[in-house]
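Trainee: Below is the file model-v8.cif, with mmCIF, C-alpha atoms.
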```cif
data_start
loop_
_atom_site.label_atom_id
_atom_site.label_comp_id
_atom_site.auth_asym_id
_atom_site.auth_seq_id
_atom_site.Cartn_x
_atom_site.Cartn_y
_atom_site.Cartn_z
CA ALA A 1 -6.44 -275.25 -67.58
CA SER A 2 -3.39 -273.97 -65.70
CA THR A 3 -5.14 -270.83 -64.42
CA PRO A 4 -7.45 -272.58 -61.92
CA ARG A 5 -4.48 -274.41 -60.47
CA ARG A 6 -2.66 -271.13 -59.96
CA ILE A 7 -5.77 -269.62 -58.40
CA ALA A 8 -6.26 -272.62 -56.17
CA GLY A 9 -2.62 -272.53 -55.25
CA GLY A 10 -2.92 -268.86 -54.52
CA ALA A 11 -5.96 -269.56 -52.37
CA ARG A 12 -4.04 -272.17 -50.48
CA THR A 13 -1.14 -269.81 -49.89
CA MET A 14 -3.55 -267.11 -48.76
CA CYS A 15 -5.13 -269.48 -46.23
CA ARG A 16 -1.85 -270.35 -44.61
CA PRO A 17 -1.20 -266.96 -42.97
CA SER A 18 -4.72 -266.90 -41.53
CA SER A 19 -4.25 -270.36 -39.99
CA VAL A 20 -0.88 -269.32 -38.66
CA GLY A 21 -2.50 -266.20 -37.22
CA ILE A 22 -5.15 -268.32 -35.50
CA GLU A 23 -2.49 -270.64 -34.09
CA SER A 24 -0.35 -267.71 -32.89
CA SER A 25 -3.35 -266.02 -31.24
CA SER A 26 -4.32 -269.26 -29.50
CA SER A 27 -0.73 -269.77 -28.35
CA GLU A 28 -0.66 -266.20 -27.05
CA GLY A 29 -3.89 -266.87 -25.17
CA MET A 30 -2.38 -269.99 -23.62
CA LEU A 31 0.74 -268.04 -22.66
CA ASP A 32 -1.38 -265.32 -21.06
CA LYS A 33 -3.38 -267.90 -19.10
CA ARG A 34 -0.17 -269.61 -18.01
CA MET A 35 1.32 -266.28 -16.94
CA LEU A 36 -1.85 -265.43 -14.97
CA MET A 37 -1.81 -268.81 -13.24
CA LEU A 38 1.89 -268.57 -12.33
CA CYS A 39 1.56 -264.99 -11.08
CA SER A 40 -1.44 -266.02 -9.00
CA GLY A 41 0.58 -268.94 -7.62
CA VAL A 42 3.50 -266.70 -6.65
CA ILE A 43 1.24 -264.15 -4.96
CA ALA A 44 -1.16 -266.59 -3.26
CA ALA A 45 1.54 -268.92 -1.96
CA GLY A 46 3.62 -265.97 -0.78
CA LEU A 47 0.71 -264.38 1.06
CA VAL A 48 -0.23 -267.58 2.88
CA HIS A 49 3.42 -268.17 3.73
CA ALA A 50 3.84 -264.62 5.08
CA LEU A 51 0.70 -264.74 7.21
CA LEU A 52 1.62 -268.14 8.60
CA GLN A 53 5.14 -266.97 9.39
CA GLU A 54 3.95 -263.98 11.38
CA GLN A 55 1.27 -266.03 13.13
CA LEU A 56 3.63 -268.90 14.01
CA ILE A 57 6.42 -266.66 15.28
CA TYR A 58 4.18 -264.62 17.56
CA ALA A 59 1.38 -267.05 18.49
CA MET A 60 3.36 -270.13 19.55
CA PRO A 61 3.79 -270.54 23.33
CA ARG A 62 7.49 -269.81 22.95
CA LYS A 63 9.08 -267.99 20.07
CA MET A 64 10.93 -270.78 18.27
CA PRO A 65 12.37 -269.43 15.00
CA LEU A 66 14.70 -272.41 14.52
CA LEU A 67 11.84 -274.91 14.67
CA VAL A 68 9.81 -272.92 12.15
CA THR A 69 12.85 -272.65 9.87
CA ALA A 70 13.54 -276.39 10.15
CA PHE A 71 10.06 -277.19 8.84
CA GLU A 72 10.52 -274.87 5.89
CA PHE A 73 13.87 -276.39 4.91
CA GLY A 74 12.70 -279.96 5.47
CA VAL A 75 9.45 -279.67 3.52
CA CYS A 76 11.12 -277.85 0.60
CA SER A 77 13.86 -280.48 0.35
CA PHE A 78 11.39 -283.38 0.58
CA LEU A 79 8.98 -281.98 -2.01
CA SER A 80 11.85 -281.21 -4.42
CA MET A 81 13.17 -284.75 -4.06
CA ALA A 82 9.68 -286.18 -4.61
CA TYR A 83 9.27 -284.06 -7.75
CA LEU A 84 12.59 -285.21 -9.21
CA THR A 85 11.76 -288.84 -8.40
CA VAL A 86 8.35 -288.66 -10.07
CA MET A 87 9.76 -286.89 -13.14
CA GLY A 88 12.70 -289.33 -13.37
CA ARG A 89 15.39 -286.65 -13.07
CA GLY A 90 17.03 -287.69 -9.83
CA GLY A 91 20.19 -289.21 -11.36
CA ALA A 92 22.35 -286.08 -11.41
CA ARG A 93 25.30 -285.94 -9.02
CA PRO A 94 25.95 -282.31 -8.19
CA PRO A 95 29.26 -281.04 -6.81
CA LEU A 96 28.96 -280.91 -3.04
CA ARG A 97 31.46 -278.16 -2.28
CA PRO A 98 29.60 -275.26 -3.97
CA LEU A 99 26.30 -276.64 -2.69
CA VAL A 100 27.61 -276.60 0.86
CA ARG A 101 28.57 -272.94 0.42
CA ILE A 102 25.13 -272.09 -0.95
CA SER A 103 23.49 -274.05 1.89
CA ILE A 104 25.43 -272.03 4.46
CA LEU A 105 24.19 -268.81 2.87
CA VAL A 106 20.58 -270.06 2.64
CA PHE A 107 20.74 -271.25 6.25
CA SER A 108 22.21 -267.95 7.46
CA SER A 109 19.68 -265.87 5.53
CA LEU A 110 16.52 -267.69 6.60
CA VAL A 111 17.54 -268.23 10.23
CA SER A 112 18.70 -264.66 10.77
CA GLY A 113 15.54 -263.34 9.09
CA ASN A 114 13.27 -265.41 11.33
CA ILE A 115 15.23 -264.61 14.49
CA ALA A 116 15.06 -260.91 13.62
CA LEU A 117 11.27 -261.06 14.08
CA ARG A 118 11.95 -261.04 17.82
CA TRP A 119 13.01 -257.40 17.53
CA VAL A 120 11.33 -256.05 14.39
CA SER A 121 7.79 -256.18 13.03
CA PHE A 122 6.96 -258.19 9.93
CA PRO A 123 6.45 -255.13 7.65
CA VAL A 124 9.95 -253.91 8.60
CA LYS A 125 11.33 -257.29 7.60
CA VAL A 126 9.57 -257.21 4.23
CA ILE A 127 10.75 -253.65 3.56
CA ILE A 128 14.38 -254.49 4.33
CA LYS A 129 14.27 -257.75 2.37
CA SER A 130 12.97 -255.76 -0.61
CA CYS A 131 16.19 -253.72 -0.65
CA LYS A 132 18.38 -256.49 -2.05
CA LEU A 133 19.61 -254.06 -4.71
CA LEU A 134 21.70 -252.18 -2.13
CA PRO A 135 24.03 -255.05 -1.10
CA THR A 136 24.05 -256.30 -4.70
CA MET A 137 25.38 -252.95 -5.91
CA ALA A 138 27.84 -252.72 -3.03
CA LEU A 139 29.22 -256.24 -3.60
CA GLY A 140 29.28 -255.73 -7.36
CA SER A 141 31.25 -252.50 -7.03
CA LEU A 142 33.72 -253.80 -4.44
CA LEU A 143 34.30 -257.36 -5.64
CA LEU A 144 33.50 -257.28 -9.37
CA SER A 145 34.24 -253.60 -10.16
CA LYS A 146 30.85 -253.33 -11.89
CA ALA A 147 29.50 -249.98 -13.07
CA TYR A 148 25.82 -249.19 -12.52
CA SER A 149 23.52 -246.93 -14.48
CA LEU A 150 21.79 -243.77 -13.34
CA TRP A 151 18.53 -245.70 -12.91
CA ASP A 152 20.25 -248.08 -10.48
CA HIS A 153 21.53 -245.19 -8.39
CA VAL A 154 18.10 -243.51 -8.37
CA ALA A 155 16.54 -246.79 -7.23
CA ALA A 156 19.19 -247.17 -4.54
CA VAL A 157 18.55 -243.64 -3.20
CA LEU A 158 14.77 -244.25 -3.08
CA LEU A 159 15.30 -247.57 -1.30
CA CYS A 160 17.64 -246.01 1.25
CA CYS A 161 15.23 -243.14 2.00
CA GLY A 162 12.28 -245.48 2.34
CA LEU A 163 14.23 -247.94 4.46
CA VAL A 164 15.47 -245.31 6.91
CA GLY A 165 12.08 -243.60 7.13
CA PHE A 166 10.10 -246.80 7.67
CA THR A 167 12.53 -248.08 10.30
CA LEU A 168 12.49 -244.83 12.27
CA ALA A 169 8.71 -244.52 11.98
CA SER A 170 8.15 -248.08 13.22
CA HIS A 171 10.49 -247.44 16.15
CA ASP A 172 8.52 -244.38 17.32
CA ALA A 173 4.95 -245.17 16.33
CA PRO A 174 2.02 -243.29 17.85
CA VAL A 175 -0.13 -245.38 20.16
CA GLY A 176 -3.19 -243.71 21.69
CA GLY A 177 -2.00 -240.26 20.65
CA GLU A 178 1.40 -240.61 22.31
CA ILE A 179 4.79 -241.56 20.94
CA VAL A 180 5.68 -244.93 22.38
CA PRO A 181 8.93 -246.65 21.33
CA GLU A 182 8.02 -249.99 19.81
CA LYS A 183 9.85 -252.81 21.51
CA SER A 184 9.79 -254.96 18.39
CA THR A 185 12.16 -252.62 16.52
CA SER A 186 15.84 -252.54 17.45
CA LEU A 187 19.22 -252.15 15.81
CA LEU A 188 19.99 -255.84 16.41
CA GLY A 189 16.95 -256.94 14.41
CA ILE A 190 17.78 -254.52 11.60
CA ALA A 191 21.41 -255.74 11.53
CA LEU A 192 20.21 -259.36 11.28
CA LEU A 193 17.96 -258.47 8.37
CA PHE A 194 20.74 -256.65 6.54
CA PHE A 195 22.94 -259.71 7.05
CA ALA A 196 20.13 -261.89 5.63
CA VAL A 197 19.79 -259.64 2.58
CA CYS A 198 23.55 -259.79 1.92
CA CYS A 199 23.43 -263.60 2.13
CA ASP A 200 20.53 -263.60 -0.35
CA ALA A 201 22.44 -261.44 -2.80
CA VAL A 202 25.54 -263.67 -2.69
CA GLN A 203 23.72 -267.00 -2.84
CA VAL A 204 21.71 -265.94 -5.93
CA ILE A 205 24.97 -265.23 -7.78
CA MET A 206 26.46 -268.54 -6.66
CA GLN A 207 23.37 -270.48 -7.75
CA GLU A 208 23.47 -268.92 -11.22
CA ARG A 209 27.14 -269.82 -11.61
CA LEU A 210 26.53 -273.37 -10.42
CA VAL A 211 23.64 -273.98 -12.84
CA LYS A 212 25.72 -272.59 -15.74
CA ALA A 213 28.75 -274.72 -14.79
CA GLU A 214 26.62 -277.88 -14.40
CA PRO A 215 24.12 -278.05 -17.29
CA ARG A 216 22.52 -281.24 -15.96
CA LEU A 217 21.54 -279.50 -12.75
CA THR A 218 18.16 -277.82 -12.48
CA PRO A 219 16.91 -275.37 -9.85
CA MET A 220 15.04 -278.31 -8.31
CA HIS A 221 18.33 -280.21 -7.79
CA VAL A 222 19.78 -277.14 -6.09
CA MET A 223 16.73 -276.91 -3.83
CA VAL A 224 17.04 -280.55 -2.78
CA TYR A 225 20.63 -280.29 -1.63
CA THR A 226 20.72 -276.72 -0.33
CA ASN A 227 17.53 -277.09 1.71
CA GLY A 228 18.50 -280.58 2.84
CA LEU A 229 21.91 -279.51 4.08
CA ALA A 230 20.43 -276.38 5.68
CA PHE A 231 17.84 -278.58 7.42
CA LEU A 232 20.63 -280.64 8.99
CA ALA A 233 22.33 -277.44 10.14
CA VAL A 234 19.11 -276.11 11.70
CA ALA A 235 18.40 -279.44 13.40
CA GLY A 236 21.87 -279.36 14.93
CA SER A 237 21.33 -275.76 16.04
CA ILE A 238 18.05 -276.73 17.74
CA LEU A 239 19.90 -279.36 19.78
CA VAL A 240 22.85 -277.08 20.62
CA THR A 241 20.75 -274.09 21.68
CA GLY A 242 18.42 -276.20 23.81
CA GLU A 243 15.36 -275.23 21.80
CA ALA A 244 14.47 -278.92 21.48
CA SER A 245 13.73 -279.09 25.21
CA ARG A 246 11.37 -276.12 24.94
CA ILE A 247 9.22 -277.56 22.14
CA PRO A 248 5.59 -277.61 23.35
CA GLU A 249 3.54 -280.77 23.22
CA GLY A 250 0.74 -279.45 21.01
CA LEU A 251 2.63 -278.30 17.93
CA PRO A 252 0.52 -276.87 15.09
CA TRP A 253 1.67 -279.57 12.68
CA GLY A 254 -0.80 -278.63 9.97
CA ARG A 255 0.22 -274.97 9.89
CA LEU A 256 3.92 -275.85 9.99
CA LEU A 257 3.59 -278.26 7.06
CA LEU A 258 1.48 -275.74 5.14
CA TYR A 259 4.10 -273.09 5.89
CA GLY A 260 6.85 -275.17 4.29
CA SER A 261 4.63 -276.29 1.39
CA THR A 262 3.64 -272.74 0.43
CA SER A 263 7.31 -271.77 0.40
CA TRP A 264 8.07 -274.58 -2.07
CA ILE A 265 5.02 -273.81 -4.24
CA GLY A 266 5.94 -270.13 -4.39
CA VAL A 267 9.52 -270.89 -5.44
CA CYS A 268 8.36 -273.34 -8.12
CA CYS A 269 5.88 -270.83 -9.56
CA PHE A 270 8.57 -268.13 -9.50
CA ILE A 271 11.06 -270.35 -11.37
CA ALA A 272 8.46 -271.37 -13.97
CA LEU A 273 7.36 -267.75 -14.44
CA ALA A 274 10.95 -266.55 -14.89
CA GLN A 275 11.70 -269.31 -17.40
CA SER A 276 8.55 -268.87 -19.49
CA HIS A 277 7.94 -265.11 -19.34
CA GLY A 278 11.26 -263.60 -18.26
CA GLY A 279 12.68 -262.24 -15.05
CA THR A 280 10.71 -258.98 -15.21
CA ALA A 281 7.34 -260.74 -14.87
CA ALA A 282 8.67 -262.76 -11.95
CA VAL A 283 10.02 -259.64 -10.22
CA VAL A 284 6.70 -257.80 -10.69
CA ALA A 285 4.77 -260.75 -9.23
CA THR A 286 7.15 -261.00 -6.27
CA ASN A 287 7.00 -257.27 -5.52
CA SER A 288 3.20 -257.31 -5.77
CA ARG A 289 3.15 -260.16 -3.28
CA LYS A 290 5.36 -258.19 -0.88
CA LEU A 291 3.16 -255.11 -1.10
CA ILE A 292 -0.04 -257.08 -0.46
CA SER A 293 1.61 -258.99 2.42
CA ILE A 294 2.49 -255.70 4.15
CA ILE A 295 -1.11 -254.49 3.79
CA LEU A 296 -2.49 -257.78 5.12
CA SER A 297 -0.02 -257.70 8.01
CA PHE A 298 -1.43 -254.37 9.18
CA LEU A 299 -5.01 -255.62 8.73
CA VAL A 300 -4.72 -259.12 10.22
CA PHE A 301 -2.21 -258.26 12.96
CA PRO A 302 -3.06 -254.65 13.96
CA LYS A 303 -0.07 -252.41 14.55
CA PRO A 304 0.58 -248.64 14.54
CA LEU A 305 0.50 -246.98 11.11
CA THR A 306 1.76 -243.44 10.50
CA SER A 307 2.00 -241.11 7.53
CA THR A 308 5.78 -241.47 7.64
CA MET A 309 5.42 -245.22 7.19
CA LEU A 310 3.15 -244.68 4.18
CA LEU A 311 5.55 -242.19 2.59
CA SER A 312 8.52 -244.47 3.25
CA GLY A 313 6.64 -247.41 1.77
CA VAL A 314 5.95 -245.36 -1.35
CA CYS A 315 9.69 -244.59 -1.61
CA VAL A 316 10.58 -248.28 -1.37
CA CYS A 317 7.94 -249.26 -3.93
CA SER A 318 9.18 -246.53 -6.27
CA GLY A 319 12.75 -247.77 -5.93
CA VAL A 320 11.68 -251.33 -6.72
CA VAL A 321 9.66 -250.14 -9.75
CA VAL A 322 12.58 -248.08 -11.07
CA HIS A 323 14.92 -251.06 -10.72
CA ALA A 324 12.43 -253.38 -12.46
CA TYR A 325 11.99 -250.83 -15.27
CA ARG A 326 15.74 -250.65 -15.79
CA LYS A 327 16.00 -254.45 -15.90
CA ALA A 328 13.13 -254.62 -18.39
CA ARG A 329 14.95 -252.23 -20.73
CA VAL A 330 18.26 -254.06 -20.49
CA GLN A 331 16.91 -257.62 -20.52
CA PRO A 332 16.91 -259.21 -23.99
CA GLN A 333 13.67 -260.47 -25.42
CA THR A 334 12.65 -264.00 -24.50
CA PRO A 335 12.08 -266.53 -27.33
CA HIS A 336 8.26 -266.39 -27.16
CA VAL A 337 8.33 -262.58 -27.40
CA LYS A 338 10.50 -262.79 -30.53
CA ARG A 339 8.06 -265.21 -32.17
CA ARG A 340 5.20 -262.77 -31.53
CA ALA A 341 7.18 -259.93 -33.13
CA GLU A 342 7.93 -262.08 -36.15
#
```
Take the structure from the file and write it as C-alpha cells.
Mentor:
Amino acid sequence: ASTPRRIAGGARTMCRPSSVGIESSSSEGMLDKRMLMLCSGVIAAGLVHALLQEQLIYAMPRKMPLLVTAFEFGVCSFLSMAYLTVMGRGGARPPLRPLVRISILVFSSLVSGNIALRWVSFPVKVIIKSCKLLPTMALGSLLLSKAYSLWDHVAAVLLCCGLVGFTLASHDAPVGGEIVPEKSTSLLGIALLFFAVCCDAVQVIMQERLVKAEPRLTPMHVMVYTNGLAFLAVAGSILVTGEASRIPEGLPWGRLLLYGSTSWIGVCCFIALAQSHGGTAAVVATNSRKLISIILSFLVFPKPLTSTMLLSGVCVCSGVVVHAYRKARVQPQTPHVKRRAE
C-alpha cells in the first residue's frame, strides 16, 4: 500500500523540474523579447535623434545650436517629471549642490557638441564622441591613480589612430577628383568636441556617486533636475548672446519636439537595458546606433567619403569592440544570468 504512494510521490517530484524548466524557458523568452525591444528602442530613437539634429542644425534659416539644445533639455526634463508624477515617485528631495555641478557638465557637453557642428561634420562628431575611453583613462590615471589593463591600452591606441585618421581625411576630402579642404572641419570644432567628451566622462562618474549616496534617487530624478537646470542656463545664454532676436517666425515645432522626445526615449531605453541585461548589452546597442547613424549621415546628407575614412572608422569600431569585450570579461554576472546558470 505504501509503494504506490512512493511512486506517486516520485512522479510528483519528477514533474517539478520539468515545470521549472518550462517556466525558466518562458522567462528566458520574455527576457530575450524585452532585450530586443529595448535595443530596438535605443537604436531607433538614437537614429531619429541624430538625423533630426543634423537636419535642424544645417537646414534652419540660421544655425541656432542654443535653441535646438534648449528644446532637448526642456523636453527631457518635462517628460521625466511627468513620468515621476504618474508613477508617484516625485517626493524625493535631491541635494542641489551636486546636481548643479552635474547640470553644468551636461550643459557644457551638449552645447559645445552642438556648436561644434558649425565647424565639423556630423560623422566627425560621432567618431570623437565615441572615444570617451580616452579622457576617462586620462582622468582616472591623473586624479584617481587607476591602473588599466592591456586591453584598455590597445583600445585607446585604436581609438587614437582612428580619430586622427578620420579627422585628417574629413579635412582634406576629395571632391570631383581634387583635394578640397572641407570648411566644416577645423581645430576649433575638434577642441569643442574633446571638451564635450571630457564633460561626459566626468558627469557619468558624478551621477554614479550621487545615485549611490542617495538611494531614494533614481536616474529619472537626476534627469529632471540636471536637464531642468541646464535648460535655464541655455535659456539665459540665448538671451545674452542675442540668439533670441534671430529666431525665425516659422520654427519647425514638430521636429524640435520630436528631437527632444527621441533623446528622452533613447535614454530611458538605455537605462532599462543596462538595469535588466547589464552594461555590456547597453554599450553594444549604443555603439550599433552610432555606426548606423554615421552610415545614414553619408546616405541622407551626401558628403565626401574616402578609403582613409573607412579605415579610420574600422579602427574606431575595433577600439570600441575591444573595450566592450574587456568590460564584458570584468563585469560580474547580473542576477538573471546567475539564475539561468543555476
Trainee: What's the separation between CA of Ser312 (chain A) and CA of Leu56 (chain A), in Å to one decimal place?
Mentor: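 Distance reported for this atom pair: 27.1 Å.
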Trainee: Report as a list of chain:residue names the residues that result from applying the PyMOL selection byres ((chain A and resi 100-105) around 7) to the structure here.
Mentor: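 Residues picked by the PyMOL selection byres ((chain A and resi 100-105) around 7): A:Leu96, A:Arg97, A:Pro98, A:Leu99, A:Val106, A:Phe107, A:Ser108, A:Ser109, A:Cys199, A:Gln203, A:Met206, A:Thr226, A:Asn227, A:Leu229, A:Ala230.
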Trainee: I'd like the neighbourhood of Ala235 (chain A) as a list in words, where a residue qualifies if any of its atoms comes within 10 Å (using all atoms listed in the file), though same-chain residues fewer than 4 positions away should be ignored.
Mentor: Leu66, Leu67, Thr69, Ala70, Phe71, Gly74, Leu229, Ala230, Phe231, Leu239, Val240, Glu243 and Ala244 of chain A
Trainee: How far is it from CA of Ser112 (chain A) to CA of Lys125 (chain A), in Å with one decimal?
Mentor: 10.9 Å
Trainee: For CA of Ser276 (chain A) and CA of His49 (chain A), quote the distance in Å rounded to one decimal.
Mentor: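 Separation between CA of Ser276 (chain A) and CA of His49 (chain A): 23.8 Å.
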Trainee: Would you mind listing what lies within 12 Å of Leu36 (chain A) as JSON, numbers by chain, with all atoms listed in the file counted and same-chain residues fewer than 3 positions away left out?
Mentor: {"A": [29, 30, 31, 32, 33, 39, 40, 41, 42, 43, 44, 269, 272, 273, 276, 277, 281, 282, 285]}
Trainee: Give me the residues within 10 Å of Thr218 (chain A) as a PyMOL selection string, counting all atoms listed in the file and dropping any in the same chain fewer than 6 places off.
Mentor: chain A and resi 84+89+92+94+210-212
Trainee: Which neighbours of Ala116 (chain A) fall inside 9 Å, counting only C-alpha atoms, when residues of the same chain fewer than 5 positions from it are skipped, and could you give them as an mmCIF file with C-alpha atoms, in the coordinates of the input?
Mentor:
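Output (result.cif):
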```cif
data_model
loop_
_atom_site.group_PDB
_atom_site.id
_atom_site.type_symbol
_atom_site.label_atom_id
_atom_site.label_comp_id
_atom_site.auth_asym_id
_atom_site.auth_seq_id
_atom_site.Cartn_x
_atom_site.Cartn_y
_atom_site.Cartn_z
ATOM 1 C CA VAL A 111 17.540 -268.230 10.230
ATOM 2 C CA SER A 121 7.790 -256.180 13.030
ATOM 3 C CA LYS A 125 11.330 -257.290 7.600
ATOM 4 C CA LEU A 188 19.990 -255.840 16.410
ATOM 5 C CA GLY A 189 16.950 -256.940 14.410
ATOM 6 C CA ILE A 190 17.780 -254.520 11.600
ATOM 7 C CA ALA A 191 21.410 -255.740 11.530
ATOM 8 C CA LEU A 192 20.210 -259.360 11.280
ATOM 9 C CA LEU A 193 17.960 -258.470 8.370
#
```
Trainee: Considering only C-alpha atoms, can you say which of A:Val314, A:Val284, A:Ile247, A:Ile128 comes closest to Leu38 (chain A)?
Mentor: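 Checking each of A:Val314, A:Val284, A:Ile247, A:Ile128 against Leu38 (chain A), counting only C-alpha atoms, the winner is A:Val284.
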Trainee: Report the residues retrieved by the PyMOL selection byres ((chain A and resi 308) around 9) from the displayed file, expressed as a list in words.
Mentor: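 Going through the file, the PyMOL selection byres ((chain A and resi 308) around 9) ends up selecting Gly165, Phe166, Leu168, Ala169, Ser170, Leu305, Thr306, Ser307, Met309, Leu310, Leu311, Ser312 and Gly313 of chain A.
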Trainee: Could you list, as an MDAnalysis selection string, every residue within 10 Å of Ala45 (chain A), counting only C-alpha atoms and ignoring same-chain residues fewer than 5 positions away?
Mentor: chainID A and resid 39:40 50 258:259 261:267 269 289
Trainee: Could you check which of A:Leu299, A:Leu142, A:Ala324, A:Ala196 is closest to Leu51 (chain A), using only C-alpha atoms?
Mentor: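 Smallest separation from Leu51 (chain A) among the options: A:Leu299.
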Trainee: Smallest atom-to-atom distance to Trp151 (chain A): which of A:Lys129, A:Lys303, A:His323, A:Arg246, using all atoms listed in the file?
Mentor: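 Using all atoms listed in the file, the shortest distance to Trp151 (chain A) belongs to A:His323.
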Trainee: Got a sec to resolve the PyMOL selection byres ((chain A and resi 300) around 12) on this structure and send the residues as a VMD selection string?
Mentor: chain A and resid 47 50 to 52 54 to 55 122 292 to 299 301 to 303
Trainee: Given the choices A:Leu256, A:Val204, A:Ile57, A:Val320, which gets closest to Leu117 (chain A) if the distance is worked out from only C-alpha atoms?
Mentor: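 Counting only C-alpha atoms, the residue closest to Leu117 (chain A) is A:Ile57.
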